[in-house]
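Trainee: Got a structure for you, run_1.cif, holding mmCIF, C-alpha atoms and all ligand atoms.
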data_model
loop_
_atom_site.label_atom_id
_atom_site.label_comp_id
_atom_site.auth_asym_id
_atom_site.auth_seq_id
_atom_site.Cartn_x
_atom_site.Cartn_y
_atom_site.Cartn_z
CA MET E 1 -14.43 -24.24 4.13
CA SER E 2 -10.92 -22.87 4.49
CA PHE E 3 -10.09 -19.69 2.62
CA LEU E 4 -7.69 -21.48 0.29
CA SER E 5 -10.31 -23.86 -1.03
CA ALA E 6 -12.68 -20.89 -1.47
CA ILE E 7 -10.11 -19.09 -3.65
CA ASN E 8 -9.37 -22.32 -5.50
CA GLU E 9 -13.05 -22.67 -6.31
CA ARG E 10 -13.29 -19.12 -7.64
CA PHE E 11 -10.08 -18.47 -9.54
CA GLY E 12 -10.75 -20.72 -12.55
CA ASN E 13 -13.47 -18.35 -13.79
CA ILE E 14 -11.30 -15.24 -13.56
CA SER E 15 -10.40 -13.51 -16.83
CA PHE E 16 -8.26 -10.48 -17.66
CA SER E 17 -8.45 -7.58 -20.09
CA ASN E 18 -5.52 -6.92 -22.43
CA GLU E 19 -4.50 -4.01 -20.23
CA GLU E 20 -4.43 -6.24 -17.16
CA ILE E 21 -2.33 -8.84 -18.99
CA LYS E 22 0.22 -6.11 -19.77
CA ARG E 23 0.03 -4.72 -16.24
CA TYR E 24 0.76 -8.06 -14.57
CA GLY E 25 3.25 -9.27 -17.20
CA ARG E 26 6.21 -9.49 -14.79
CA HIS E 27 4.17 -11.79 -12.57
CA LEU E 28 2.87 -13.92 -15.42
CA ILE E 29 6.31 -14.81 -16.78
CA MET E 30 7.47 -16.32 -13.48
CA PRO E 31 6.98 -20.11 -13.54
CA GLU E 32 6.03 -20.08 -9.83
CA PHE E 33 3.28 -17.61 -10.58
CA THR E 34 1.89 -17.86 -14.12
CA LEU E 35 -1.68 -16.97 -15.06
CA ALA E 36 -3.09 -19.17 -12.29
CA GLY E 37 -1.24 -17.18 -9.61
CA GLN E 38 -2.61 -13.93 -10.98
CA GLN E 39 -6.09 -15.43 -11.19
CA LYS E 40 -5.86 -16.43 -7.52
CA LEU E 41 -4.86 -12.87 -6.62
CA LYS E 42 -7.82 -11.47 -8.53
CA ALA E 43 -10.13 -14.05 -6.95
CA ALA E 44 -8.92 -13.16 -3.44
CA ARG E 45 -10.71 -10.90 -0.97
CA VAL E 46 -8.42 -9.31 1.58
CA LEU E 47 -9.65 -7.27 4.55
CA THR E 48 -7.18 -4.72 5.89
CA ILE E 49 -7.84 -3.09 9.25
CA GLY E 50 -6.41 0.44 9.37
CA THR E 51 -5.13 2.74 6.64
CA GLY E 52 -2.17 4.15 8.57
CA GLY E 53 1.55 3.40 8.76
CA LEU E 54 1.31 -0.35 8.11
CA GLY E 55 -1.80 -0.01 5.97
CA SER E 56 -0.13 2.43 3.56
CA PRO E 57 2.52 0.15 2.01
CA LEU E 58 0.25 -2.83 2.44
CA LEU E 59 -2.63 -1.28 0.51
CA ALA E 60 -0.39 0.21 -2.15
CA TYR E 61 1.32 -3.11 -2.92
CA LEU E 62 -1.75 -5.34 -2.65
CA THR E 63 -3.50 -2.94 -5.03
CA ALA E 64 -0.59 -2.86 -7.45
CA ALA E 65 -0.22 -6.65 -7.32
CA GLY E 66 -3.83 -7.11 -8.42
CA VAL E 67 -5.69 -8.49 -5.40
CA GLY E 68 -9.27 -8.62 -6.66
CA LYS E 69 -11.14 -7.12 -3.72
CA ILE E 70 -9.71 -5.15 -0.84
CA GLY E 71 -11.77 -4.12 2.18
CA LEU E 72 -10.67 -1.14 4.26
CA VAL E 73 -11.68 -0.40 7.83
CA ASP E 74 -10.90 3.02 9.34
CA TYR E 75 -12.84 5.89 10.90
CA ASP E 76 -10.03 8.43 11.29
CA THR E 77 -9.20 11.56 9.29
CA VAL E 78 -5.81 12.42 7.80
CA ASP E 79 -3.69 14.58 10.13
CA TYR E 80 -0.38 16.35 9.46
CA SER E 81 1.28 14.12 12.06
CA ASN E 82 0.39 11.05 9.94
CA LEU E 83 2.23 12.15 6.83
CA HIS E 84 5.80 11.24 7.85
CA ARG E 85 4.92 7.54 7.57
CA GLN E 86 1.42 7.07 6.11
CA ILE E 87 2.44 7.45 2.49
CA ILE E 88 -0.90 6.42 1.00
CA HIS E 89 -2.21 9.83 2.15
CA LYS E 90 -1.21 13.01 0.34
CA SER E 91 -0.77 16.47 1.93
CA ARG E 92 -3.80 17.73 0.02
CA ASN E 93 -6.02 15.27 1.91
CA VAL E 94 -5.28 16.49 5.44
CA GLY E 95 -8.62 16.80 7.22
CA LYS E 96 -10.37 14.31 4.91
CA PRO E 97 -11.43 10.77 5.92
CA LYS E 98 -8.52 8.34 5.67
CA ILE E 99 -10.64 5.79 3.81
CA ALA E 100 -11.50 8.24 1.00
CA SER E 101 -7.89 9.40 0.87
CA ALA E 102 -6.55 5.82 0.67
CA ILE E 103 -9.05 4.82 -2.01
CA GLU E 104 -8.10 7.85 -4.09
CA THR E 105 -4.47 6.68 -4.15
CA MET E 106 -5.41 3.03 -4.70
CA LYS E 107 -7.54 3.92 -7.74
CA GLU E 108 -4.59 5.85 -9.19
CA ILE E 109 -2.31 2.84 -8.65
CA ASN E 110 -4.68 0.22 -10.10
CA PRO E 111 -8.24 0.97 -11.27
CA PHE E 112 -8.95 -2.76 -11.74
CA VAL E 113 -9.04 -3.48 -8.02
CA GLN E 114 -12.44 -3.53 -6.34
CA VAL E 115 -12.51 -1.63 -3.06
CA GLU E 116 -15.02 -1.87 -0.23
CA ALA E 117 -15.01 0.86 2.44
CA PHE E 118 -16.05 0.38 6.07
CA GLU E 119 -15.85 3.82 7.67
CA THR E 120 -16.12 2.66 11.25
CA SER E 121 -14.07 1.34 14.14
CA PHE E 122 -13.57 -2.45 14.18
CA ARG E 123 -15.50 -3.73 17.18
CA SER E 124 -16.91 -6.93 18.62
CA ASP E 125 -20.40 -6.04 17.39
CA ASN E 126 -19.44 -5.40 13.73
CA ALA E 127 -16.30 -7.51 13.17
CA MET E 128 -18.13 -10.64 12.04
CA GLU E 129 -20.34 -8.79 9.57
CA ILE E 130 -17.43 -6.80 8.09
CA ALA E 131 -15.14 -9.82 7.71
CA LYS E 132 -17.64 -12.42 6.54
CA ASP E 133 -16.92 -12.16 2.79
CA TYR E 134 -13.14 -11.98 3.14
CA ASP E 135 -10.60 -14.79 2.84
CA ILE E 136 -7.79 -13.27 4.85
CA VAL E 137 -7.38 -10.43 7.37
CA VAL E 138 -4.36 -8.16 7.63
CA ASP E 139 -4.08 -6.13 10.81
CA GLY E 140 -2.52 -2.77 10.02
CA THR E 141 -3.65 -1.00 13.18
CA ASP E 142 -1.14 -2.17 15.75
CA ASN E 143 -3.16 -1.68 18.93
CA PHE E 144 -4.21 -4.17 21.57
CA PRO E 145 -8.02 -4.12 21.22
CA THR E 146 -7.86 -4.67 17.44
CA ARG E 147 -5.02 -7.17 17.70
CA TYR E 148 -7.01 -9.44 20.04
CA LEU E 149 -10.27 -8.95 18.15
CA VAL E 150 -8.66 -9.79 14.77
CA ASN E 151 -6.96 -12.80 16.34
CA ASP E 152 -10.14 -14.20 17.87
CA LEU E 153 -12.18 -13.52 14.73
CA CYS E 154 -9.61 -15.29 12.55
CA VAL E 155 -9.34 -18.31 14.87
CA LEU E 156 -13.11 -18.67 15.21
CA THR E 157 -13.72 -18.31 11.44
CA GLY E 158 -10.62 -20.19 10.20
CA LYS E 159 -9.03 -17.23 8.41
CA PRO E 160 -5.31 -16.45 8.39
CA ASN E 161 -4.26 -13.28 10.25
CA VAL E 162 -1.26 -11.46 8.79
CA TYR E 163 0.29 -9.64 11.73
CA GLY E 164 2.62 -6.67 11.93
CA SER E 165 3.74 -4.48 14.79
CA ILE E 166 6.02 -1.45 15.12
CA PHE E 167 7.54 0.48 18.00
CA ARG E 168 10.11 3.28 17.70
CA PHE E 169 12.92 1.68 15.62
CA GLU E 170 11.81 -1.97 15.78
CA GLY E 171 9.16 -4.09 14.15
CA GLN E 172 7.77 -7.63 14.02
CA ALA E 173 5.74 -9.68 11.60
CA THR E 174 4.24 -13.17 11.47
CA VAL E 175 1.25 -15.09 10.18
CA PHE E 176 -1.15 -16.36 12.84
CA TRP E 177 -3.40 -19.13 11.63
CA GLY E 178 -5.11 -21.28 14.25
CA GLU E 179 -5.68 -24.17 11.83
CA LYS E 180 -2.01 -24.49 10.90
CA GLY E 181 -0.04 -22.95 13.76
CA PRO E 182 -0.09 -20.69 16.77
CA CYS E 183 -2.36 -17.69 17.24
CA TYR E 184 -1.60 -14.45 19.06
CA ARG E 185 -3.18 -15.71 22.30
CA CYS E 186 -0.86 -18.76 22.26
CA LEU E 187 1.87 -16.18 22.99
CA PHE E 188 -0.06 -13.62 25.02
CA PRO E 189 -3.30 -15.14 26.38
CA GLU E 190 -4.56 -11.77 27.71
CA PRO E 191 -3.69 -8.13 26.97
CA PRO E 192 -1.54 -6.23 29.49
CA GLU E 193 -3.13 -3.75 31.87
CA PRO E 194 -3.87 -0.56 29.87
CA GLY E 195 -1.65 1.65 32.10
CA THR E 196 1.43 -0.58 31.72
CA VAL E 197 2.06 0.00 27.98
CA PRO E 198 3.14 3.30 26.41
CA SER E 199 0.41 5.32 24.72
CA CYS E 200 0.69 6.08 21.00
CA ALA E 201 1.82 9.63 21.71
CA GLU E 202 4.57 8.42 24.08
CA GLY E 203 5.81 5.69 21.76
CA GLY E 204 6.91 7.48 18.61
CA VAL E 205 8.04 5.68 15.49
CA LEU E 206 10.63 6.10 12.77
CA GLY E 207 8.66 7.15 9.67
CA VAL E 208 10.27 4.61 7.32
CA LEU E 209 9.86 1.63 9.69
CA PRO E 210 6.21 0.73 8.94
CA GLY E 211 7.20 0.62 5.27
CA ILE E 212 9.35 -2.46 5.89
CA ILE E 213 6.88 -4.26 8.15
CA GLY E 214 3.84 -3.41 5.99
CA VAL E 215 5.62 -4.71 2.89
CA ILE E 216 6.44 -7.97 4.72
CA GLN E 217 2.72 -8.27 5.53
CA ALA E 218 1.91 -7.65 1.85
CA ILE E 219 4.37 -10.32 0.68
CA GLU E 220 3.01 -12.87 3.14
CA THR E 221 -0.53 -12.10 1.97
CA VAL E 222 0.43 -12.65 -1.68
CA LYS E 223 2.22 -15.91 -0.75
CA LEU E 224 -0.80 -17.22 1.18
CA ILE E 225 -3.16 -16.43 -1.70
CA THR E 226 -1.01 -17.93 -4.44
CA GLY E 227 0.33 -20.82 -2.35
CA ILE E 228 3.95 -20.12 -3.26
CA GLY E 229 6.90 -20.20 -0.85
CA GLU E 230 6.95 -20.86 2.88
CA PRO E 231 4.55 -18.70 4.87
CA LEU E 232 5.64 -17.05 8.11
CA ILE E 233 3.45 -19.41 10.16
CA GLY E 234 4.95 -20.31 13.54
CA ARG E 235 7.85 -17.92 12.96
CA LEU E 236 8.12 -14.38 14.32
CA LEU E 237 10.36 -12.15 12.23
CA THR E 238 11.82 -9.29 14.23
CA TYR E 239 13.55 -6.27 12.72
CA ASP E 240 15.90 -3.80 14.40
CA SER E 241 16.40 -0.83 12.08
CA LEU E 242 19.22 0.74 14.12
CA LYS E 243 21.34 -2.43 14.03
CA MET E 244 19.86 -3.35 10.62
CA LYS E 245 19.24 -6.92 11.78
CA PHE E 246 16.46 -9.39 11.14
CA ARG E 247 15.99 -12.29 13.54
CA GLU E 248 13.57 -15.21 13.55
CA LEU E 249 11.94 -16.74 16.61
CA LYS E 250 10.03 -20.03 16.57
CA LEU E 251 6.49 -19.77 17.86
CA ARG E 252 4.67 -22.79 19.27
CA LYS E 253 1.00 -23.52 19.47
CA ASP E 254 -0.21 -23.65 23.08
CA PRO E 255 -2.57 -26.61 23.60
CA ASN E 256 -4.08 -24.62 26.50
CA CYS E 257 -4.60 -21.45 24.41
CA PRO E 258 -7.88 -19.79 25.50
CA VAL E 259 -9.11 -19.44 21.91
CA CYS E 260 -7.35 -22.00 19.63
CA GLY E 261 -6.58 -24.65 22.29
CA LYS E 262 -8.34 -27.95 22.93
CA HIS E 263 -10.75 -26.49 25.49
CA PRO E 264 -11.28 -22.86 24.47
CA THR E 265 -12.76 -20.45 27.01
CA ILE E 266 -13.13 -17.59 24.51
CA THR E 267 -15.96 -18.31 22.11
CA SER E 268 -17.26 -14.80 21.39
CA TYR E 269 -15.70 -11.41 20.64
CA ILE E 270 -14.36 -9.03 23.29
CA ASP E 271 -13.79 -5.25 23.23
CA TYR E 272 -10.83 -4.36 25.46
CA GLU E 273 -11.23 -0.84 26.82
CA GLY E 274 -8.71 1.72 27.95
CA PHE E 275 -6.10 1.37 25.19
CA CYS E 276 -5.05 3.89 22.60
CA THR E 277 -6.87 2.83 19.46
CA ILE E 278 -5.35 5.16 16.87
ZN ZN I 1 -3.85 -19.88 20.20
#
Would it be possible to restate this file's structure as structure tokens?
Ligand SMILES: [Zn+2]

Mentor:
Amino acid sequence: MSFLSAINERFGNISFSNEEIKRYGRHLIMPEFTLAGQQKLKAARVLTIGTGGLGSPLLAYLTAAGVGKIGLVDYDTVDYSNLHRQIIHKSRNVGKPKIASAIETMKEINPFVQVEAFETSFRSDNAMEIAKDYDIVVDGTDNFPTRYLVNDLCVLTGKPNVYGSIFRFEGQATVFWGEKGPCYRCLFPEPPEPGTVPSCAEGGVLGVLPGIIGVIQAIETVKLITGIGEPLIGRLLTYDSLKMKFRELKLRKDPNCPVCGKHPTITSYIDYEGFCTI
């Protein structure tokens, strides 16, 4: 069953308290949204991998918007060097687990959202179990091992994968969904050699940049759940903050893709070693 039909089966039974009706009032009055749109959001289960730069705006907005259940995967602790971009974490939480820190902020934003914490790395041996109850996966980690693992998991289980990536002053976002368009491996069948890409420490990133890309991921997630608008499937949105330019590239499904193609060679999950995973 695709995730959309699962949400469509669940949302009819969703009800709201008076406080929730007031809280979501600016959604409810939009004819594209109405009560049904808000019910779909509350019926939805979104798994977010990472509570860092992309995860911060993503989690804040998905929580505020009223997504019913949000799963968080992270094993890191809050560090001073995170704070210039990871705005879900407060200075007082330096040294504490990122998951606990993120949940603290999320509960302050919207106590009606149900949160499930997975304080672990996301690996081939736990990915299936963690993701099994979720309709949609949003990758907020931006590293190669997770990117390929999320992609393969989503293709093999039919879930959409809301993708974002940042580097220095530039970012990208798209929606990979093997059932309806290309997946990440259609573009890049295999990861590069670990030594050929800059490490996290070498890369650097403008603190504000993940805000833009994470918010685009949040919007695409809300659109997928509610079925409004045109999702970013088969389109890669690129953003250059220095030139302040957005561009759009068409992405095509590769019939020979090793995971979503006609004769897939990848049928189980892989842990790629040797990359920076933070
Ligand atoms: Zn593919």

Trainee: Might you pull out every residue within 10 Å of Lys132 (chain E), with all atoms listed in the file counted and same-chain residues fewer than 4 positions away left off, and present them as a PyMOL selection string?

Mentor: chain E and resi 47+127-128+153+157

Trainee: So, with all atoms listed in the file as the atoms that count, which of E:Cys183, E:Leu249, E:Val197, E:Leu156 lies closest to ligand ZN 1 (chain I)?

Mentor: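 The answer is E:Cys183, which sits nearest to ligand ZN 1 (chain I).
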
Trainee: Residues proximal to (-10.4, 12.1, 1.7) were defined as those with any atom within 12 Å of that point in the file's coordinates, counting all atoms listed in the file. Which are they, as a list of chain:residue names?

Mentor: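 Returned residue set, sorted by chain then number, is E:Thr51, E:Asp74, E:Tyr75, E:Asp76, E:Thr77, E:Val78, E:Asp79, E:Ile88, E:His89, E:Lys90, E:Ser91, E:Arg92, E:Asn93, E:Val94, E:Gly95, E:Lys96, E:Pro97, E:Lys98, E:Ile99, E:Ala100, E:Ser101, E:Ala102, E:Ile103, E:Glu104, E:Thr105, E:Glu119.
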
Trainee: Any residue with an atom at most 10 Å from ligand ZN 1 (chain I) counts, using all atoms listed in the file. Which are they? Put them as a VMD selection string.

Mentor: chain E and resid 151 to 152 155 176 to 179 181 to 189 252 to 262 264

Trainee: So for region 111-116 of chain E, what box centre and size do we get, axis-aligned, 3 Å extra on each of the six sides, every listed atom, Å to one decimal, as JSON?

Mentor:
{"center_x": -11.6, "center_y": -1.3, "center_z": -6.0, "size_x": 12.8, "size_y": 10.5, "size_z": 17.5}

Trainee: With the cut-off set at 9 Å and counting all atoms listed in the file, tabulate each residue of region 80-198 of chain E with an atom at most that distance from an atom of region 221-233 of chain E, showing the nearest atom pair and its distance in Å to one decimal, ordered by chain and increasing number, as a Markdown table.

Mentor:
| residue | atom | partner | partner_atom | distance |
| --- | --- | --- | --- | --- |
| E:Asp135 | CA | E:Ile225 | CA | 8.9 |
| E:Ile136 | CA | E:Thr221 | CA | 7.9 |
| E:Val137 | CA | E:Thr221 | CA | 8.9 |
| E:Val138 | CA | E:Thr221 | CA | 7.9 |
| E:Pro160 | CA | E:Leu224 | CA | 8.5 |
| E:Val162 | CA | E:Thr221 | CA | 6.9 |
| E:Ala173 | CA | E:Leu232 | CA | 8.2 |
| E:Thr174 | CA | E:Leu232 | CA | 5.3 |
| E:Val175 | CA | E:Ile233 | CA | 4.8 |
| E:Phe176 | CA | E:Ile233 | CA | 6.1 |
| E:Trp177 | CA | E:Ile233 | CA | 7.0 |
| E:Lys180 | CA | E:Ile233 | CA | 7.5 |
| E:Gly181 | CA | E:Ile233 | CA | 6.1 |
| E:Pro182 | CA | E:Ile233 | CA | 7.6 |

Trainee: Selected residues, C-alpha atoms, written as a short mmCIF file (atom, residue, chain, number, x, y, z; two decimals), in the frame of the given file, please.

Mentor:
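What landed in selection-v6.cif:
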data_model
loop_
_atom_site.label_atom_id
_atom_site.label_comp_id
_atom_site.auth_asym_id
_atom_site.auth_seq_id
_atom_site.Cartn_x
_atom_site.Cartn_y
_atom_site.Cartn_z
CA ASP E 135 -10.60 -14.79 2.84
CA ILE E 136 -7.79 -13.27 4.85
CA VAL E 137 -7.38 -10.43 7.37
CA VAL E 138 -4.36 -8.16 7.63
CA PRO E 160 -5.31 -16.45 8.39
CA VAL E 162 -1.26 -11.46 8.79
CA ALA E 173 5.74 -9.68 11.60
CA THR E 174 4.24 -13.17 11.47
CA VAL E 175 1.25 -15.09 10.18
CA PHE E 176 -1.15 -16.36 12.84
CA TRP E 177 -3.40 -19.13 11.63
CA LYS E 180 -2.01 -24.49 10.90
CA GLY E 181 -0.04 -22.95 13.76
CA PRO E 182 -0.09 -20.69 16.77
#

Trainee: Using only C-alpha atoms, pick whichever of E:Lys69, E:Arg147, E:Arg123, E:His263 has the shortest atom-to-atom distance to Lys42 (chain E).

Mentor: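 Among the listed residues, E:Lys69 lies closest to Lys42 (chain E).
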
Trainee: Tell me which of E:Leu4, E:Leu72, E:Ile14, E:Leu62 sits closest to Gln217 (chain E), counting all atoms listed in the file.

Mentor: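 The closest residue to Gln217 (chain E) is E:Leu62.
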
Trainee: Quote the spacing between CA of Lys243 (chain E) and CA of Val208 (chain E) in Å to one decimal place.

Mentor: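 Spanning CA of Lys243 (chain E) to CA of Val208 (chain E) is a straight-line distance of 14.7 Å.
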
Trainee: Can you work out the spacing between CA of Arg23 (chain E) and CA of Phe112 (chain E) in Å, to one decimal?

Mentor: 10.2 Å

Trainee: Between CA of Gly55 (chain E) and CA of Ile130 (chain E), what is the distance in Å, rounded to a tenth?

Mentor: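 Straight-line distance from CA of Gly55 (chain E) to CA of Ile130 (chain E) works out to 17.2 Å.
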
Trainee: When you count all atoms listed in the file, which of these residues is closest to Pro191 (chain E): E:Tyr272, E:Phe122, E:Phe167, E:Phe246?

Mentor: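 Looking only at the distances to Pro191 (chain E), the closest residue turns out to be E:Tyr272.
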
Trainee: Under the rule that all atoms listed in the file are counted, which of E:Gly204, E:Gly171, E:Pro31, E:Gly211 is the nearest residue to Tyr239 (chain E)?

Mentor: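 Residue with the minimum atom-to-atom distance to Tyr239 (chain E): E:Gly171.
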
Trainee: Determine, counting only C-alpha atoms, which protein, DNA and RNA residues have an atom within 10 Å of an atom of Val215 (chain E); residues of the same chain fewer than 6 positions away are not included. Present the result as number ranges by chain.

Mentor: E: 54-62, 164, 221

Trainee: Which residue out of E:Leu236, E:Ala131, E:Ala36, E:Ile219 has the minimum interatomic distance to Gln172 (chain E) when all atoms listed in the file are used?

Mentor: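 Of E:Leu236, E:Ala131, E:Ala36, E:Ile219, the one nearest Gln172 (chain E) is E:Leu236, counting all atoms listed in the file.
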
Trainee: Missing atoms in region 35-46 of chain E need filling: write out N, CA and C atoms for it as a short mmCIF file (atom, residue, chain, number, x, y, z; two decimals), in the coordinates of the input.

Mentor:
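And here's selection_35.cif as it stands now:
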data_model
loop_
_atom_site.label_atom_id
_atom_site.label_comp_id
_atom_site.auth_asym_id
_atom_site.auth_seq_id
_atom_site.Cartn_x
_atom_site.Cartn_y
_atom_site.Cartn_z
N LEU E 35 -0.34 -17.54 -15.02
CA LEU E 35 -1.68 -16.97 -15.06
C LEU E 35 -2.51 -17.40 -13.85
N ALA E 36 -2.30 -18.66 -13.42
CA ALA E 36 -3.09 -19.17 -12.29
C ALA E 36 -2.83 -18.36 -11.02
N GLY E 37 -1.57 -17.99 -10.79
CA GLY E 37 -1.24 -17.18 -9.61
C GLY E 37 -1.95 -15.84 -9.66
N GLN E 38 -1.95 -15.23 -10.84
CA GLN E 38 -2.61 -13.93 -10.98
C GLN E 38 -4.13 -14.07 -10.85
N GLN E 39 -4.65 -15.18 -11.35
CA GLN E 39 -6.09 -15.43 -11.19
C GLN E 39 -6.46 -15.58 -9.71
N LYS E 40 -5.59 -16.27 -8.97
CA LYS E 40 -5.86 -16.43 -7.52
C LYS E 40 -5.85 -15.07 -6.83
N LEU E 41 -4.89 -14.22 -7.21
CA LEU E 41 -4.86 -12.87 -6.62
C LEU E 41 -6.15 -12.13 -6.91
N LYS E 42 -6.60 -12.21 -8.17
CA LYS E 42 -7.82 -11.47 -8.53
C LYS E 42 -9.06 -12.09 -7.88
N ALA E 43 -8.99 -13.38 -7.60
CA ALA E 43 -10.13 -14.05 -6.95
C ALA E 43 -10.17 -13.77 -5.45
N ALA E 44 -9.05 -13.29 -4.90
CA ALA E 44 -8.92 -13.16 -3.44
C ALA E 44 -9.61 -11.91 -2.91
N ARG E 45 -10.08 -12.02 -1.68
CA ARG E 45 -10.71 -10.90 -0.97
C ARG E 45 -9.95 -10.70 0.34
N VAL E 46 -9.28 -9.57 0.43
CA VAL E 46 -8.42 -9.31 1.58
C VAL E 46 -8.99 -8.13 2.38
#
